[in-house]
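Data first, discussion second: the structure below is written as structure tokens.
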Amino acid sequence: MRVRNKLLSVVMSAVLLLSSNYGLVKAQDDTNMTVSTAAAISADNSATGFTTSGLNEEETTSTTDLAAETLPTTEPAATTAEATEPDLTAATQATDTQATETQVSESGANEALASQSEEDSQSGSEFTSTSPSSSEAPEASTEATTETSAGETAESVASKAAIAALAAGEPVAIDASVANITVTLRKDGKDGDIITGDETIARDQALYAYLNFEFLAEKQPTADQLTFTYTIPDNLQITSTGGTLYADSGAESGTWSVSGNVITIDYSADWVNKNPSDIKTHIGLTMELDASKVADADQVSFEFPGTGTSIDLDLNTAEVSGNKSGYVSSDGYVYYTVTLNPDANVKNFNFEDSLGASLEYDTASFKLDGDSVAATVTGQTATISLDSLSMGSHQITYRAKLKDGIMPAADGTLPNIANTAEWSWTGGQDDSTYTPDLNYNMLRKSASGRNANDEVTWTVTINAGTAKANLKDYVFTDTLQNYAAGKFYYTGSAEVKDSSGKVVATIPLDGNTNQFSYTFPNTDDFGTYTITYKTKVSAPATTPGSVTYTNDSELTPPDSNHPGGSASDDYTWNSTLSDGDVINKTLTGPDADGKESWSVHLNPISGLQLDETHSLTVADTLYFNSSKSAHILLDDSSIVIPGLLLGVDYTIQYTTTWDSTSSTNVKVGYTITFKPTDAVKALMSSDGEGVDIQYNSNIDKTGGTYKNDAR
């Protein structure tokens with residue numbers, strides 16, 4: 001009994017020493033202390049003594065000797081067998097103090113721990129325990145003692161690694177030595193079909209794993225060991241990102257995160273302190289196959305650590321999805337791109353492209369992933385053969401153009417321009433079709449606004465469609481439809497420019513003719529050109545008035561196998577009248593008596609329509625002065641229109657207002673309506689003199705500014 005008590009004291013000293021270096025011991029209060037299960041010892045000051053797990057007298061003798069030899073400076077005084085209820089708190093504090101005061105290096109502590117681990121493997125320690133049942137622990141220990149240090153069981157090694165991680169405060173890797181582990185694997189999410197093995201899945205199959213960890217009794221998370229990791233097979237990729245762990249009660253028990261194939265679990269210290277045993281953790285996560293690991297495989301096998309079983313699955317035959325696209329460049333070429341996406345490495349890859357009959361390949365343009373590749377071109381078919389094509393994304397590019405002499409159909413569309421690509425490999429085939437937007441736009445025309453010199457600039461664009469015709473020997477002709485010498489005619493020179501803006505030809509224009517032309521050179525040319533020139537235009541003959549100038553253009557091909565075109569545009573000059581062009585008013589006076597003489601003149605209006613339904617009316621209004629203290633008074637007896645008779649050629653209506661000075665209505669304006677008589681029409685015609693309305697008014701000499709409007 002004396003030996004046993006000494007042993008316990010020594011072991012306790014060793015544990016306390018490790019506490020100062022590795023944090024294995026945590027004092028929770030004055031009467032209770034929890035020791036990490038890594039030492040296979042639990043201590044509770046509320047009890048009457050230490051309780052050991054799976055140790056016997058013979059084993060403790062060996063351990064006592066080791067402890068005494070390894071850490072002689074930490075051995076306390078021997079305790080007598082009669083001291084059945086020792087002052088454990090005081091002994092612990094004294095031992096802890098002695099261990100703290102002893103300056104032991106970290107390397108020395110590591111050596112002590114390593115020595116202790118080696119002795120444990122020889123004396124039947126519980127570090128190799130793989131079962132939460134304490135009754136099974138001695139049997140596991142017995143098995144462990146039959147192996148030498150060079151031939152330890154796998155479970156013993158794993159257990160020691162977990163213990164070492166605990167001692168170092170590092171994350172503990174979860175395996176069979178730490179927890180009972182079960183994994184349920186499903187397709188397409190948590191409600192998908194369970195995968196049991198010996199079945200076929202797609203290479204891009206979405207997977208869902210439900211991980212269940214039931215920690216062994218001596219490997220439970222503690223306040224000193226809160227972080228654990230679990231590594232899934234390397235041919236899987238985790239697509240989940242992590243989250244919060246919850247207890248059955250709904251309380252947060254920790255968090256989990258993902259880095260590569262490793263899941264890290266960080267338990268909450270508060271939660272672990274409140275729930276120190278029977279900890280179980282469940283995590284659901286989404287995954288997929290790591291395509292790079294199965295690129296050459298027809299089958300896949302993976303084993304989740306700690307489960308002891310593997311899952312064997314067949315993989316679907318490799319697929320090479322893809323599509324064909326393209327665009328038409330300004331140079332008239334159709335640029336094609338076929339994008340291929342093998343989901344595995346494939347063998348015997350063959351690519352065959354069929355070009356529409358109206359198109360022709362640029363045989364030197366074929367490339368694979370940007371590098372030139374050999375293509376066999378036979379007529380409208382191009383073939384590329386490869387021994388293999390690796391998993392990933394690839395692009396085959398090339399170009400083609402419209403054959404010379406292809407004519408549009410009756411509806412204006414070009415025939416036989418669709419293009420189909422087909423590809424095959426060992427186990428499959430696929431295809432894709434693309435039809436380019438090809439069309440002719442041989443001629444278009446526009447007119448600019450008129451400049452200060454009354455010149456209009458015309459712009460003609462030739463061969464501007466996505467399909468390009470060969471302009472060799474084409475003839476452009478421009479015609480002024482309503483040409484009139486001195487009124488609508490060419491001026492200056494016409495310029496022919498290529499698509500870069502370079503002037504390639506200058507054509508002098510004759511203002512005495514209504515037409516000019518330009519012939520394209522006798523060389524192959526699929527370019528786009530503009531022709532610009534100016535015409536002089538004249539104002540309308542009457543005001544208000546309008547005149548339209550029309551300009552037609554035509555592009556004539558050299559034969560019936562090439563497309564032509566025509567275009568026409570107009571320029572319209574509109575002339576309008578301002579107030580001053582129609583009516584003017586003049587004033588003479590006032591004289592010394594406050595008399596004013598007014599003259600309202602109506603200018604002749606070309607094209608004026610005057611009849612029973614179209615009238616001509618003039619309204620004249622005289623106003624107060626600026627302070628409204630006096631008013632202009634109309635002398636109605638003075639109104640006269642030379643050449644016209646009141647009642648015959650026109651009528652008058654007067655405007656009156658109340659005058660407070662005279663307490664009467666006074667005349668302050670008039671409205672004259674002209675009748676459609678010959679006399680009126682003669683005066684208002686374009687050859688007439690216009691109409692003059694003359695009258696007088698008076699003011700009472702009150703100062704101010706007076707206003708008089710006629711309209």
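Every chain in the structure tokens has a letter given in the order shown (A, B, ...), and although residue numbers restart at 1 in each chain, ligands are simply numbered from 1 in the order shown.
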
Can you pull out the residues contacting Val262 in chain A? Cut-off 9 Å, using only C-alpha atoms, and skip same-chain residues under 5 positions away; I want them as a PDB file with C-alpha atoms, in the first residue's frame.
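Wrote around-v9.pdb, looks like this:
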ATOM      1  CA  THR A 229      -9.714  17.268 -37.893  1.00  0.00           C
ATOM      2  CA  TYR A 230     -11.049  14.675 -40.286  1.00  0.00           C
ATOM      3  CA  THR A 231      -9.648  14.050 -43.753  1.00  0.00           C
ATOM      4  CA  ILE A 232     -11.834  12.699 -46.540  1.00  0.00           C
ATOM      5  CA  ILE A 238     -15.601  19.143 -50.637  1.00  0.00           C
ATOM      6  CA  SER A 257     -14.576  24.637 -41.539  1.00  0.00           C
TER       7      SER A 257
END

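Closest to Asp569 in chain A among A:Val272, A:Val582, A:Val456, A:Val648 is A:Val456, based on only C-alpha atoms.
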
Would you kindly return, as a PDB file with all heavy atoms, in the first residue's frame, each protein, DNA or RNA residue with an atom no farther than 10 Å from any atom of Ser448 in chain A, considering only C-alpha atoms and excluding same-chain residues fewer than 3 positions away?
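In the end it all went to around_0.pdb:
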ATOM      1  N   ASN A 451     -24.531  73.553 -95.692  1.00  0.00           N
ATOM      2  CA  ASN A 451     -23.552  74.428 -95.054  1.00  0.00           C
ATOM      3  C   ASN A 451     -23.817  75.885 -95.406  1.00  0.00           C
ATOM      4  O   ASN A 451     -24.811  76.219 -96.080  1.00  0.00           O
ATOM      5  CB  ASN A 451     -22.126  74.006 -95.411  1.00  0.00           C
ATOM      6  CG  ASN A 451     -21.817  74.170 -96.897  1.00  0.00           C
ATOM      7  OD1 ASN A 451     -22.519  74.884 -97.630  1.00  0.00           O
ATOM      8  ND2 ASN A 451     -20.757  73.520 -97.355  1.00  0.00           N
ATOM      9  N   GLU A 455     -24.279  74.229 -99.691  1.00  0.00           N
ATOM     10  CA  GLU A 455     -23.801  72.976-100.260  1.00  0.00           C
ATOM     11  C   GLU A 455     -24.259  71.806 -99.388  1.00  0.00           C
ATOM     12  O   GLU A 455     -24.237  71.892 -98.149  1.00  0.00           O
ATOM     13  CB  GLU A 455     -22.278  72.967-100.361  1.00  0.00           C
ATOM     14  CG  GLU A 455     -21.716  74.003-101.328  1.00  0.00           C
ATOM     15  CD  GLU A 455     -20.200  74.071-101.267  1.00  0.00           C
ATOM     16  OE1 GLU A 455     -19.640  73.717-100.207  1.00  0.00           O
ATOM     17  OE2 GLU A 455     -19.575  74.500-102.253  1.00  0.00           O
ATOM     18  N   VAL A 456     -24.641  70.715-100.039  1.00  0.00           N
ATOM     19  CA  VAL A 456     -25.040  69.487 -99.359  1.00  0.00           C
ATOM     20  C   VAL A 456     -24.006  68.412 -99.673  1.00  0.00           C
ATOM     21  O   VAL A 456     -23.638  68.218-100.841  1.00  0.00           O
ATOM     22  CB  VAL A 456     -26.438  69.025 -99.802  1.00  0.00           C
ATOM     23  CG1 VAL A 456     -26.786  67.678 -99.161  1.00  0.00           C
ATOM     24  CG2 VAL A 456     -27.483  70.069 -99.444  1.00  0.00           C
ATOM     25  N   THR A 457     -23.506  67.716 -98.612  1.00  0.00           N
ATOM     26  CA  THR A 457     -22.529  66.642 -98.796  1.00  0.00           C
ATOM     27  C   THR A 457     -23.259  65.303 -98.845  1.00  0.00           C
ATOM     28  O   THR A 457     -24.060  64.986 -97.956  1.00  0.00           O
ATOM     29  CB  THR A 457     -21.496  66.628 -97.662  1.00  0.00           C
ATOM     30  OG1 THR A 457     -20.794  67.865 -97.644  1.00  0.00           O
ATOM     31  CG2 THR A 457     -20.503  65.484 -97.845  1.00  0.00           C
ATOM     32  N   TRP A 458     -22.955  64.500 -99.872  1.00  0.00           N
ATOM     33  CA  TRP A 458     -23.556  63.179-100.053  1.00  0.00           C
ATOM     34  C   TRP A 458     -22.489  62.115 -99.792  1.00  0.00           C
ATOM     35  O   TRP A 458     -21.342  62.251-100.225  1.00  0.00           O
ATOM     36  CB  TRP A 458     -24.106  63.018-101.475  1.00  0.00           C
ATOM     37  CG  TRP A 458     -25.070  64.110-101.866  1.00  0.00           C
ATOM     38  CD1 TRP A 458     -24.749  65.355-102.330  1.00  0.00           C
ATOM     39  CD2 TRP A 458     -26.488  64.045-101.805  1.00  0.00           C
ATOM     40  NE1 TRP A 458     -25.872  66.084-102.571  1.00  0.00           N
ATOM     41  CE2 TRP A 458     -26.976  65.300-102.250  1.00  0.00           C
ATOM     42  CE3 TRP A 458     -27.405  63.072-101.420  1.00  0.00           C
ATOM     43  CZ2 TRP A 458     -28.325  65.597-102.333  1.00  0.00           C
ATOM     44  CZ3 TRP A 458     -28.749  63.361-101.502  1.00  0.00           C
ATOM     45  CH2 TRP A 458     -29.210  64.605-101.941  1.00  0.00           C
ATOM     46  N   THR A 459     -22.871  61.054 -99.066  1.00  0.00           N
ATOM     47  CA  THR A 459     -21.940  59.961 -98.758  1.00  0.00           C
ATOM     48  C   THR A 459     -22.551  58.647 -99.215  1.00  0.00           C
ATOM     49  O   THR A 459     -23.670  58.302 -98.812  1.00  0.00           O
ATOM     50  CB  THR A 459     -21.632  59.890 -97.258  1.00  0.00           C
ATOM     51  OG1 THR A 459     -21.064  61.130 -96.825  1.00  0.00           O
ATOM     52  CG2 THR A 459     -20.651  58.760 -96.955  1.00  0.00           C
ATOM     53  N   LYS A 534     -20.188  66.828-103.233  1.00  0.00           N
ATOM     54  CA  LYS A 534     -21.096  67.906-102.852  1.00  0.00           C
ATOM     55  C   LYS A 534     -21.926  68.373-104.038  1.00  0.00           C
ATOM     56  O   LYS A 534     -21.491  68.281-105.191  1.00  0.00           O
ATOM     57  CB  LYS A 534     -20.306  69.090-102.282  1.00  0.00           C
ATOM     58  CG  LYS A 534     -19.587  68.810-100.981  1.00  0.00           C
ATOM     59  CD  LYS A 534     -18.804  70.024-100.505  1.00  0.00           C
ATOM     60  CE  LYS A 534     -18.078  69.728 -99.197  1.00  0.00           C
ATOM     61  NZ  LYS A 534     -17.280  70.903 -98.735  1.00  0.00           N
ATOM     62  N   ASP A 570     -32.747  62.078-100.483  1.00  0.00           N
ATOM     63  CA  ASP A 570     -33.258  63.412-100.789  1.00  0.00           C
ATOM     64  C   ASP A 570     -32.719  64.423 -99.791  1.00  0.00           C
ATOM     65  O   ASP A 570     -32.404  64.086 -98.648  1.00  0.00           O
ATOM     66  CB  ASP A 570     -34.791  63.440-100.727  1.00  0.00           C
ATOM     67  CG  ASP A 570     -35.427  62.480-101.708  1.00  0.00           C
ATOM     68  OD1 ASP A 570     -34.865  62.307-102.799  1.00  0.00           O
ATOM     69  OD2 ASP A 570     -36.479  61.898-101.359  1.00  0.00           O
ATOM     70  N   TYR A 571     -32.670  65.670-100.254  1.00  0.00           N
ATOM     71  CA  TYR A 571     -32.449  66.783 -99.342  1.00  0.00           C
ATOM     72  C   TYR A 571     -33.564  67.793 -99.573  1.00  0.00           C
ATOM     73  O   TYR A 571     -33.823  68.210-100.711  1.00  0.00           O
ATOM     74  CB  TYR A 571     -31.088  67.454 -99.561  1.00  0.00           C
ATOM     75  CG  TYR A 571     -30.943  68.686 -98.700  1.00  0.00           C
ATOM     76  CD1 TYR A 571     -30.675  68.568 -97.346  1.00  0.00           C
ATOM     77  CD2 TYR A 571     -31.159  69.962 -99.234  1.00  0.00           C
ATOM     78  CE1 TYR A 571     -30.586  69.686 -96.522  1.00  0.00           C
ATOM     79  CE2 TYR A 571     -31.073  71.091 -98.428  1.00  0.00           C
ATOM     80  CZ  TYR A 571     -30.791  70.939 -97.070  1.00  0.00           C
ATOM     81  OH  TYR A 571     -30.726  72.043 -96.259  1.00  0.00           O
TER      82      TYR A 571
END

### Task
Using only C-alpha atoms, determine which residues lie at most 12 Å from Val373 in chain A, disregarding the query and same-chain residues fewer than 3 positions distant; provide the list as an NGL selection string.
:A and (351 or 363-370 or 376 or 382-386 or 395-398)

Write out, as a short mmCIF file (atom, residue, chain, number, x, y, z; two decimals), in the first residue's frame, the residues just selected, with all heavy atoms.
data_model
loop_
_atom_site.label_atom_id
_atom_site.label_comp_id
_atom_site.auth_asym_id
_atom_site.auth_seq_id
_atom_site.Cartn_x
_atom_site.Cartn_y
_atom_site.Cartn_z
N PHE A 351 -12.04 14.74 -85.12
CA PHE A 351 -12.85 15.94 -85.36
C PHE A 351 -13.09 16.08 -86.85
O PHE A 351 -12.14 16.03 -87.65
CB PHE A 351 -12.12 17.17 -84.82
CG PHE A 351 -12.80 18.48 -85.12
CD1 PHE A 351 -13.82 18.94 -84.31
CD2 PHE A 351 -12.40 19.24 -86.21
CE1 PHE A 351 -14.44 20.15 -84.59
CE2 PHE A 351 -13.01 20.45 -86.49
CZ PHE A 351 -14.03 20.91 -85.68
N THR A 363 -7.23 27.03 -95.41
CA THR A 363 -6.65 25.76 -94.95
C THR A 363 -5.50 25.94 -93.97
O THR A 363 -5.17 25.00 -93.24
CB THR A 363 -6.16 24.95 -96.16
OG1 THR A 363 -5.21 25.73 -96.90
CG2 THR A 363 -7.33 24.60 -97.08
N ALA A 364 -4.90 27.12 -93.94
CA ALA A 364 -3.77 27.34 -93.03
C ALA A 364 -4.22 27.92 -91.68
O ALA A 364 -3.38 28.26 -90.85
CB ALA A 364 -2.76 28.28 -93.68
N SER A 365 -5.49 28.01 -91.46
CA SER A 365 -5.97 28.73 -90.27
C SER A 365 -6.31 27.82 -89.09
O SER A 365 -6.64 28.32 -88.01
CB SER A 365 -7.22 29.54 -90.64
OG SER A 365 -8.30 28.67 -90.99
N PHE A 366 -6.22 26.49 -89.21
CA PHE A 366 -6.65 25.59 -88.15
C PHE A 366 -5.68 25.61 -86.97
O PHE A 366 -4.46 25.49 -87.13
CB PHE A 366 -6.78 24.16 -88.68
CG PHE A 366 -7.99 23.98 -89.55
CD1 PHE A 366 -7.94 24.27 -90.90
CD2 PHE A 366 -9.19 23.53 -89.00
CE1 PHE A 366 -9.07 24.11 -91.71
CE2 PHE A 366 -10.31 23.36 -89.80
CZ PHE A 366 -10.25 23.67 -91.16
N LYS A 367 -6.25 25.77 -85.76
CA LYS A 367 -5.46 25.78 -84.53
C LYS A 367 -6.19 25.01 -83.43
O LYS A 367 -7.42 24.97 -83.40
CB LYS A 367 -5.20 27.22 -84.06
CG LYS A 367 -4.31 28.03 -84.98
CD LYS A 367 -4.04 29.42 -84.41
CE LYS A 367 -3.10 30.20 -85.31
NZ LYS A 367 -2.81 31.55 -84.75
N LEU A 368 -5.39 24.40 -82.56
CA LEU A 368 -5.90 23.73 -81.36
C LEU A 368 -5.29 24.42 -80.15
O LEU A 368 -4.07 24.43 -79.99
CB LEU A 368 -5.56 22.24 -81.37
CG LEU A 368 -5.90 21.47 -80.09
CD1 LEU A 368 -7.40 21.50 -79.80
CD2 LEU A 368 -5.41 20.01 -80.19
N ASP A 369 -6.13 25.03 -79.36
CA ASP A 369 -5.68 25.76 -78.16
C ASP A 369 -4.61 26.78 -78.51
O ASP A 369 -3.63 26.97 -77.78
CB ASP A 369 -5.18 24.80 -77.09
CG ASP A 369 -6.28 23.89 -76.56
OD1 ASP A 369 -7.45 24.28 -76.65
OD2 ASP A 369 -5.95 22.79 -76.08
N GLY A 370 -4.79 27.46 -79.64
CA GLY A 370 -3.90 28.54 -80.04
C GLY A 370 -2.68 28.12 -80.83
O GLY A 370 -1.96 28.97 -81.35
N THR A 376 -6.71 17.86 -92.36
CA THR A 376 -6.84 17.34 -93.72
C THR A 376 -8.11 17.92 -94.33
O THR A 376 -9.22 17.66 -93.83
CB THR A 376 -6.91 15.81 -93.72
OG1 THR A 376 -5.72 15.29 -93.11
CG2 THR A 376 -7.03 15.28 -95.14
N ALA A 382 -13.14 19.15 -93.37
CA ALA A 382 -11.82 19.24 -92.72
C ALA A 382 -11.80 18.24 -91.57
O ALA A 382 -12.77 18.13 -90.81
CB ALA A 382 -11.56 20.64 -92.21
N THR A 383 -10.68 17.49 -91.42
CA THR A 383 -10.58 16.45 -90.40
C THR A 383 -9.30 16.64 -89.58
O THR A 383 -8.23 16.92 -90.13
CB THR A 383 -10.56 15.05 -91.05
OG1 THR A 383 -11.73 14.88 -91.83
CG2 THR A 383 -10.50 13.97 -89.98
N ILE A 384 -9.45 16.48 -88.25
CA ILE A 384 -8.30 16.50 -87.33
C ILE A 384 -8.39 15.23 -86.50
O ILE A 384 -9.42 14.96 -85.87
CB ILE A 384 -8.33 17.73 -86.42
CG1 ILE A 384 -8.24 19.02 -87.24
CG2 ILE A 384 -7.19 17.68 -85.40
CD1 ILE A 384 -8.42 20.28 -86.42
N SER A 385 -7.30 14.44 -86.47
CA SER A 385 -7.28 13.18 -85.70
C SER A 385 -6.19 13.25 -84.63
O SER A 385 -5.05 13.63 -84.91
CB SER A 385 -7.01 11.99 -86.63
OG SER A 385 -8.07 11.84 -87.56
N LEU A 386 -6.58 12.90 -83.38
CA LEU A 386 -5.65 12.92 -82.25
C LEU A 386 -5.71 11.59 -81.52
O LEU A 386 -6.79 10.98 -81.40
CB LEU A 386 -6.02 14.04 -81.27
CG LEU A 386 -6.09 15.46 -81.83
CD1 LEU A 386 -6.66 16.41 -80.79
CD2 LEU A 386 -4.71 15.93 -82.27
N GLN A 395 -10.10 24.38 -77.49
CA GLN A 395 -10.74 25.12 -78.56
C GLN A 395 -10.05 24.82 -79.89
O GLN A 395 -8.82 24.89 -79.98
CB GLN A 395 -10.69 26.63 -78.30
CG GLN A 395 -11.64 27.08 -77.19
CD GLN A 395 -11.70 28.59 -77.08
OE1 GLN A 395 -10.79 29.30 -77.47
NE2 GLN A 395 -12.80 29.09 -76.53
N ILE A 396 -10.87 24.49 -80.88
CA ILE A 396 -10.40 24.36 -82.26
C ILE A 396 -10.92 25.57 -83.01
O ILE A 396 -12.12 25.85 -83.00
CB ILE A 396 -10.90 23.06 -82.91
CG1 ILE A 396 -10.32 21.84 -82.18
CG2 ILE A 396 -10.52 23.03 -84.39
CD1 ILE A 396 -10.82 20.51 -82.72
N THR A 397 -10.02 26.34 -83.62
CA THR A 397 -10.41 27.56 -84.34
C THR A 397 -9.95 27.49 -85.79
O THR A 397 -8.93 26.87 -86.10
CB THR A 397 -9.83 28.81 -83.66
OG1 THR A 397 -8.39 28.68 -83.62
CG2 THR A 397 -10.34 28.96 -82.24
N TYR A 398 -10.69 28.14 -86.66
CA TYR A 398 -10.33 28.23 -88.08
C TYR A 398 -11.23 29.28 -88.72
O TYR A 398 -12.15 29.83 -88.07
CB TYR A 398 -10.49 26.87 -88.78
CG TYR A 398 -11.82 26.20 -88.53
CD1 TYR A 398 -12.86 26.28 -89.44
CD2 TYR A 398 -12.04 25.48 -87.36
CE1 TYR A 398 -14.08 25.67 -89.20
CE2 TYR A 398 -13.25 24.86 -87.11
CZ TYR A 398 -14.27 24.96 -88.03
OH TYR A 398 -15.48 24.37 -87.78
#

### Backbone-only DSSP, helix (DSSP H, G or I) members of range 182-289 of chain A, as a ChimeraX atom specification
/A:217-219,269-274
